[in-house]
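**Student:** Next comes structure_28.pdb, PDB, N, CA and C atoms:
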ATOM      1  N   MET A   6      -6.678 -10.676   7.403
ATOM      2  CA  MET A   6      -5.851 -11.500   6.581
ATOM      3  C   MET A   6      -5.304 -10.630   5.462
ATOM      4  N   ALA A   7      -4.028 -10.807   5.157
ATOM      5  CA  ALA A   7      -3.408 -10.102   4.034
ATOM      6  C   ALA A   7      -2.929 -11.142   3.031
ATOM      7  N   LEU A   8      -3.013 -10.794   1.771
ATOM      8  CA  LEU A   8      -2.580 -11.716   0.728
ATOM      9  C   LEU A   8      -1.060 -11.827   0.689
ATOM     10  N   ILE A   9      -0.576 -13.003   0.276
ATOM     11  CA  ILE A   9       0.845 -13.236   0.061
ATOM     12  C   ILE A   9       1.019 -13.624  -1.397
ATOM     13  N   THR A  10       2.031 -13.061  -2.045
ATOM     14  CA  THR A  10       2.311 -13.389  -3.442
ATOM     15  C   THR A  10       3.773 -13.780  -3.597
ATOM     16  N   SER A  11       4.061 -14.545  -4.617
ATOM     17  CA  SER A  11       5.447 -14.897  -4.916
ATOM     18  C   SER A  11       6.002 -14.024  -6.042
ATOM     19  N   GLN A  12       5.208 -13.085  -6.525
ATOM     20  CA  GLN A  12       5.647 -12.148  -7.564
ATOM     21  C   GLN A  12       6.587 -11.113  -6.953
ATOM     22  N   PHE A  13       7.805 -11.006  -7.468
ATOM     23  CA  PHE A  13       8.791 -10.097  -6.897
ATOM     24  C   PHE A  13       9.263  -9.049  -7.897
ATOM     25  N   ASP A  14       8.366  -8.533  -8.720
ATOM     26  CA  ASP A  14       8.765  -7.492  -9.663
ATOM     27  C   ASP A  14       9.398  -6.330  -8.905
ATOM     28  N   LYS A  15       8.757  -5.936  -7.825
ATOM     29  CA  LYS A  15       9.239  -4.857  -6.977
ATOM     30  C   LYS A  15       8.645  -5.063  -5.592
ATOM     31  N   VAL A  16       9.438  -4.800  -4.565
ATOM     32  CA  VAL A  16       8.939  -4.869  -3.194
ATOM     33  C   VAL A  16       8.865  -3.438  -2.681
ATOM     34  N   TYR A  17       7.649  -2.981  -2.412
ATOM     35  CA  TYR A  17       7.453  -1.627  -1.906
ATOM     36  C   TYR A  17       7.724  -1.575  -0.412
ATOM     37  N   PHE A  18       7.981  -0.373   0.103
ATOM     38  CA  PHE A  18       8.347  -0.213   1.506
ATOM     39  C   PHE A  18       7.245  -0.656   2.465
ATOM     40  N   PHE A  19       6.018  -0.723   2.005
ATOM     41  CA  PHE A  19       4.916  -1.137   2.873
ATOM     42  C   PHE A  19       4.613  -2.635   2.756
ATOM     43  N   GLU A  20       5.399  -3.361   1.969
ATOM     44  CA  GLU A  20       5.244  -4.806   1.833
ATOM     45  C   GLU A  20       6.323  -5.517   2.651
ATOM     46  N   VAL A  21       6.056  -6.754   3.039
ATOM     47  CA  VAL A  21       6.964  -7.499   3.904
ATOM     48  C   VAL A  21       7.419  -8.767   3.192
ATOM     49  N   GLU A  22       8.742  -8.925   3.065
ATOM     50  CA  GLU A  22       9.271 -10.149   2.470
ATOM     51  C   GLU A  22       9.180 -11.289   3.476
ATOM     52  N   VAL A  23       8.714 -12.458   3.016
ATOM     53  CA  VAL A  23       8.572 -13.626   3.884
ATOM     54  C   VAL A  23       8.990 -14.878   3.127
ATOM     55  N   LYS A  24       9.159 -15.957   3.862
ATOM     56  CA  LYS A  24       9.407 -17.270   3.269
ATOM     57  C   LYS A  24       8.316 -18.188   3.798
ATOM     58  N   VAL A  25       7.517 -18.735   2.882
ATOM     59  CA  VAL A  25       6.401 -19.600   3.253
ATOM     60  C   VAL A  25       6.580 -20.930   2.535
ATOM     61  N   GLU A  26       6.621 -21.984   3.320
ATOM     62  CA  GLU A  26       6.800 -23.328   2.767
ATOM     63  C   GLU A  26       8.002 -23.375   1.827
ATOM     64  N   ASP A  27       9.110 -22.789   2.276
ATOM     65  CA  ASP A  27      10.381 -22.742   1.536
ATOM     66  C   ASP A  27      10.309 -21.975   0.213
ATOM     67  N   LYS A  28       9.321 -21.104   0.066
ATOM     68  CA  LYS A  28       9.208 -20.256  -1.115
ATOM     69  C   LYS A  28       9.226 -18.795  -0.678
ATOM     70  N   LYS A  29       9.985 -17.964  -1.413
ATOM     71  CA  LYS A  29      10.010 -16.540  -1.111
ATOM     72  C   LYS A  29       8.695 -15.904  -1.540
ATOM     73  N   GLY A  30       8.258 -14.940  -0.757
ATOM     74  CA  GLY A  30       7.034 -14.231  -1.081
ATOM     75  C   GLY A  30       7.023 -12.873  -0.413
ATOM     76  N   LYS A  31       5.950 -12.157  -0.582
ATOM     77  CA  LYS A  31       5.785 -10.877   0.093
ATOM     78  C   LYS A  31       4.335 -10.719   0.505
ATOM     79  N   ILE A  32       4.145 -10.101   1.675
ATOM     80  CA  ILE A  32       2.801  -9.827   2.178
ATOM     81  C   ILE A  32       2.340  -8.512   1.572
ATOM     82  N   LEU A  33       1.177  -8.531   0.966
ATOM     83  CA  LEU A  33       0.607  -7.341   0.336
ATOM     84  C   LEU A  33      -0.276  -6.618   1.348
ATOM     85  N   THR A  34       0.295  -5.653   2.038
ATOM     86  CA  THR A  34      -0.465  -4.955   3.080
ATOM     87  C   THR A  34      -1.582  -4.085   2.506
ATOM     88  N   ASP A  35      -1.568  -3.875   1.205
ATOM     89  CA  ASP A  35      -2.656  -3.123   0.588
ATOM     90  C   ASP A  35      -3.785  -4.037   0.129
ATOM     91  N   GLN A  36      -3.689  -5.327   0.440
ATOM     92  CA  GLN A  36      -4.718  -6.314   0.101
ATOM     93  C   GLN A  36      -5.163  -7.016   1.384
ATOM     94  N   ILE A  37      -5.931  -6.332   2.206
ATOM     95  CA  ILE A  37      -6.360  -6.854   3.502
ATOM     96  C   ILE A  37      -7.829  -7.240   3.436
ATOM     97  N   TYR A  38      -8.144  -8.418   3.961
ATOM     98  CA  TYR A  38      -9.515  -8.923   3.957
ATOM     99  C   TYR A  38      -9.887  -9.448   5.343
ATOM    100  N   THR A  39     -11.161  -9.510   5.613
ATOM    101  CA  THR A  39     -11.628 -10.183   6.817
ATOM    102  C   THR A  39     -12.234 -11.518   6.402
ATOM    103  N   VAL A  40     -11.914 -12.541   7.163
ATOM    104  CA  VAL A  40     -12.476 -13.866   6.912
ATOM    105  C   VAL A  40     -12.834 -14.492   8.246
ATOM    106  N   ASP A  41     -13.816 -15.337   8.236
ATOM    107  CA  ASP A  41     -14.188 -16.056   9.440
ATOM    108  C   ASP A  41     -13.093 -17.061   9.769
ATOM    109  N   LYS A  42     -12.758 -17.161  11.028
ATOM    110  CA  LYS A  42     -11.700 -18.056  11.487
ATOM    111  C   LYS A  42     -11.927 -19.500  11.045
ATOM    112  N   SER A  43     -13.176 -19.906  10.934
ATOM    113  CA  SER A  43     -13.492 -21.283  10.540
ATOM    114  C   SER A  43     -13.085 -21.587   9.098
ATOM    115  N   ARG A  44     -12.861 -20.540   8.295
ATOM    116  CA  ARG A  44     -12.470 -20.749   6.894
ATOM    117  C   ARG A  44     -10.968 -20.966   6.731
ATOM    118  N   LEU A  45     -10.199 -20.698   7.781
ATOM    119  CA  LEU A  45      -8.758 -20.895   7.710
ATOM    120  C   LEU A  45      -8.462 -22.374   7.879
ATOM    121  N   GLU A  46      -7.770 -22.944   6.918
ATOM    122  CA  GLU A  46      -7.543 -24.387   6.921
ATOM    123  C   GLU A  46      -6.287 -24.807   7.671
ATOM    124  N   ARG A  47      -5.181 -24.061   7.471
ATOM    125  CA  ARG A  47      -3.938 -24.466   8.114
ATOM    126  C   ARG A  47      -3.027 -23.257   8.318
ATOM    127  N   LYS A  48      -2.106 -23.410   9.234
ATOM    128  CA  LYS A  48      -1.134 -22.368   9.521
ATOM    129  C   LYS A  48       0.001 -22.485   8.520
ATOM    130  N   MET A  49       0.352 -21.379   7.877
ATOM    131  CA  MET A  49       1.385 -21.410   6.848
ATOM    132  C   MET A  49       2.769 -21.087   7.394
ATOM    133  N   GLY A  50       2.838 -20.473   8.551
ATOM    134  CA  GLY A  50       4.129 -20.104   9.116
ATOM    135  C   GLY A  50       3.970 -19.083  10.216
ATOM    136  N   VAL A  51       5.101 -18.602  10.695
ATOM    137  CA  VAL A  51       5.134 -17.619  11.778
ATOM    138  C   VAL A  51       6.075 -16.495  11.378
ATOM    139  N   LEU A  52       5.659 -15.259  11.631
ATOM    140  CA  LEU A  52       6.511 -14.110  11.353
ATOM    141  C   LEU A  52       7.449 -13.878  12.529
ATOM    142  N   ASN A  53       8.677 -13.469  12.223
ATOM    143  CA  ASN A  53       9.587 -13.111  13.305
ATOM    144  C   ASN A  53       9.311 -11.674  13.745
ATOM    145  N   GLU A  54      10.011 -11.227  14.769
ATOM    146  CA  GLU A  54       9.741  -9.900  15.342
ATOM    147  C   GLU A  54       9.960  -8.782  14.316
ATOM    148  N   LYS A  55      11.008  -8.892  13.523
ATOM    149  CA  LYS A  55      11.289  -7.877  12.502
ATOM    150  C   LYS A  55      10.166  -7.815  11.472
ATOM    151  N   GLN A  56       9.701  -8.978  11.024
ATOM    152  CA  GLN A  56       8.622  -9.030  10.044
ATOM    153  C   GLN A  56       7.324  -8.484  10.617
ATOM    154  N   LEU A  57       7.041  -8.784  11.895
ATOM    155  CA  LEU A  57       5.836  -8.253  12.534
ATOM    156  C   LEU A  57       5.879  -6.731  12.588
ATOM    157  N   LYS A  58       7.061  -6.179  12.892
ATOM    158  CA  LYS A  58       7.199  -4.721  12.941
ATOM    159  C   LYS A  58       6.999  -4.125  11.551
ATOM    160  N   GLN A  59       7.594  -4.754  10.525
ATOM    161  CA  GLN A  59       7.420  -4.276   9.154
ATOM    162  C   GLN A  59       5.954  -4.353   8.732
ATOM    163  N   LEU A  60       5.278  -5.425   9.133
ATOM    164  CA  LEU A  60       3.869  -5.594   8.803
ATOM    165  C   LEU A  60       3.029  -4.491   9.452
ATOM    166  N   ALA A  61       3.286  -4.223  10.731
ATOM    167  CA  ALA A  61       2.552  -3.164  11.437
ATOM    168  C   ALA A  61       2.804  -1.810  10.776
ATOM    169  N   GLU A  62       4.048  -1.531  10.422
ATOM    170  CA  GLU A  62       4.372  -0.259   9.770
ATOM    171  C   GLU A  62       3.711  -0.164   8.398
ATOM    172  N   GLY A  63       3.695  -1.273   7.661
ATOM    173  CA  GLY A  63       3.058  -1.282   6.346
ATOM    174  C   GLY A  63       1.563  -1.027   6.441
ATOM    175  N   ILE A  64       0.908  -1.658   7.417
ATOM    176  CA  ILE A  64      -0.530  -1.453   7.612
ATOM    177  C   ILE A  64      -0.806  -0.013   8.029
ATOM    178  N   HIS A  65       0.016   0.530   8.919
ATOM    179  CA  HIS A  65      -0.146   1.928   9.341
ATOM    180  C   HIS A  65      -0.027   2.853   8.136
ATOM    181  N   THR A  66       0.933   2.585   7.249
ATOM    182  CA  THR A  66       1.122   3.418   6.064
ATOM    183  C   THR A  66      -0.088   3.326   5.139
ATOM    184  N   ILE A  67      -0.537   2.111   4.838
ATOM    185  CA  ILE A  67      -1.652   1.931   3.910
ATOM    186  C   ILE A  67      -2.940   2.557   4.450
ATOM    187  N   LEU A  68      -3.181   2.381   5.746
ATOM    188  CA  LEU A  68      -4.429   2.907   6.339
ATOM    189  C   LEU A  68      -4.293   4.352   6.820
ATOM    190  N   GLU A  69      -3.101   4.931   6.620
ATOM    191  CA  GLU A  69      -2.818   6.310   7.020
ATOM    192  C   GLU A  69      -3.128   6.535   8.501
ATOM    193  N   LEU A  70      -2.671   5.619   9.350
ATOM    194  CA  LEU A  70      -2.876   5.741  10.780
ATOM    195  C   LEU A  70      -1.771   6.581  11.408
ATOM    196  N   ASN A  71      -2.118   7.318  12.437
ATOM    197  CA  ASN A  71      -1.119   8.076  13.176
ATOM    198  C   ASN A  71      -0.369   7.146  14.101
ATOM    199  N   ASP A  72       0.825   7.548  14.502
ATOM    200  CA  ASP A  72       1.612   6.747  15.456
ATOM    201  C   ASP A  72       0.863   6.677  16.774
ATOM    202  N   CYS A  73       0.691   5.462  17.253
ATOM    203  CA  CYS A  73      -0.076   5.253  18.492
ATOM    204  C   CYS A  73       0.814   5.287  19.729
ATOM    205  N   GLY A  74       2.060   5.555  19.601
ATOM    206  CA  GLY A  74       2.888   5.642  20.791
ATOM    207  C   GLY A  74       4.172   5.026  20.583
TER
END
Can I see the file as structure tokens?
**Tutor:**
Amino acid sequence: MALITSQFDKVYFFEVEVKVEDKKGKILTDQIYTVDKSRLERKMGVLNEKQLKQLAEGIHTILELNDCG
């Protein structure tokens, strides 16, 4: 799970802009947590293909992962 914030002081290249419940926000890929699935209460939305790619690239950057192919 990654945190989402509505603070838009600056959007870094490893963050992903999203719209959740009609509010603009950004996914903080540098704020990743693990949580048990039972603690998730509701689905907030769905990322499109572009956002998923940006999210994957942001996570790769933060975790300093090599390109997997």
**Student:** Go ahead and compute the interatomic distance for CA of Asp14 (chain A) and CA of Val51 (chain A), in Å to one decimal.
**Tutor:**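 A separation of 24.0 Å between them.
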**Student:** Identify all residues satisfying the PyMOL selection byres ((chain A and resi 17-34) around 6.5) in the given file; provide them as a list in words.
**Tutor:**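 With the shown file as input, the PyMOL selection byres ((chain A and resi 17-34) around 6.5) matches Ala7, Leu8, Ile9, Thr10, Ser11, Gln12, Lys15, Val16, Asp35, Gln36, Ile37, Met49, Gly50, Gln59, Leu60, Glu62, Gly63, Ile64 and Ile67 of chain A.
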**Student:** Let me see the file: selected residues, N, CA and C atoms, as an mmCIF file, in the coordinates of the input.
**Tutor:**
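Okay, selection-v3.cif is ready:
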data_model
loop_
_atom_site.group_PDB
_atom_site.id
_atom_site.type_symbol
_atom_site.label_atom_id
_atom_site.label_comp_id
_atom_site.auth_asym_id
_atom_site.auth_seq_id
_atom_site.Cartn_x
_atom_site.Cartn_y
_atom_site.Cartn_z
ATOM 1 N N ALA A 7 -4.028 -10.807 5.157
ATOM 2 C CA ALA A 7 -3.408 -10.102 4.034
ATOM 3 C C ALA A 7 -2.929 -11.142 3.031
ATOM 4 N N LEU A 8 -3.013 -10.794 1.771
ATOM 5 C CA LEU A 8 -2.580 -11.716 0.728
ATOM 6 C C LEU A 8 -1.060 -11.827 0.689
ATOM 7 N N ILE A 9 -0.576 -13.003 0.276
ATOM 8 C CA ILE A 9 0.845 -13.236 0.061
ATOM 9 C C ILE A 9 1.019 -13.624 -1.397
ATOM 10 N N THR A 10 2.031 -13.061 -2.045
ATOM 11 C CA THR A 10 2.311 -13.389 -3.442
ATOM 12 C C THR A 10 3.773 -13.780 -3.597
ATOM 13 N N SER A 11 4.061 -14.545 -4.617
ATOM 14 C CA SER A 11 5.447 -14.897 -4.916
ATOM 15 C C SER A 11 6.002 -14.024 -6.042
ATOM 16 N N GLN A 12 5.208 -13.085 -6.525
ATOM 17 C CA GLN A 12 5.647 -12.148 -7.564
ATOM 18 C C GLN A 12 6.587 -11.113 -6.953
ATOM 19 N N LYS A 15 8.757 -5.936 -7.825
ATOM 20 C CA LYS A 15 9.239 -4.857 -6.977
ATOM 21 C C LYS A 15 8.645 -5.063 -5.592
ATOM 22 N N VAL A 16 9.438 -4.800 -4.565
ATOM 23 C CA VAL A 16 8.939 -4.869 -3.194
ATOM 24 C C VAL A 16 8.865 -3.438 -2.681
ATOM 25 N N ASP A 35 -1.568 -3.875 1.205
ATOM 26 C CA ASP A 35 -2.656 -3.123 0.588
ATOM 27 C C ASP A 35 -3.785 -4.037 0.129
ATOM 28 N N GLN A 36 -3.689 -5.327 0.440
ATOM 29 C CA GLN A 36 -4.718 -6.314 0.101
ATOM 30 C C GLN A 36 -5.163 -7.016 1.384
ATOM 31 N N ILE A 37 -5.931 -6.332 2.206
ATOM 32 C CA ILE A 37 -6.360 -6.854 3.502
ATOM 33 C C ILE A 37 -7.829 -7.240 3.436
ATOM 34 N N MET A 49 0.352 -21.379 7.877
ATOM 35 C CA MET A 49 1.385 -21.410 6.848
ATOM 36 C C MET A 49 2.769 -21.087 7.394
ATOM 37 N N GLY A 50 2.838 -20.473 8.551
ATOM 38 C CA GLY A 50 4.129 -20.104 9.116
ATOM 39 C C GLY A 50 3.970 -19.083 10.216
ATOM 40 N N GLN A 59 7.594 -4.754 10.525
ATOM 41 C CA GLN A 59 7.420 -4.276 9.154
ATOM 42 C C GLN A 59 5.954 -4.353 8.732
ATOM 43 N N LEU A 60 5.278 -5.425 9.133
ATOM 44 C CA LEU A 60 3.869 -5.594 8.803
ATOM 45 C C LEU A 60 3.029 -4.491 9.452
ATOM 46 N N GLU A 62 4.048 -1.531 10.422
ATOM 47 C CA GLU A 62 4.372 -0.259 9.770
ATOM 48 C C GLU A 62 3.711 -0.164 8.398
ATOM 49 N N GLY A 63 3.695 -1.273 7.661
ATOM 50 C CA GLY A 63 3.058 -1.282 6.346
ATOM 51 C C GLY A 63 1.563 -1.027 6.441
ATOM 52 N N ILE A 64 0.908 -1.658 7.417
ATOM 53 C CA ILE A 64 -0.530 -1.453 7.612
ATOM 54 C C ILE A 64 -0.806 -0.013 8.029
ATOM 55 N N ILE A 67 -0.537 2.111 4.838
ATOM 56 C CA ILE A 67 -1.652 1.931 3.910
ATOM 57 C C ILE A 67 -2.940 2.557 4.450
#
**Student:** Using DSSP secondary structure from the backbone, list all strand (DSSP E) positions within chain A, as an NGL selection string.
**Tutor:** :A and (7-10 or 21-25 or 28-37)
**Student:** Hey, can you check how far CA of Val40 (chain A) sits from atom N of Met6 (chain A)?
**Tutor:**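 These two atoms are separated by 6.6 Å.
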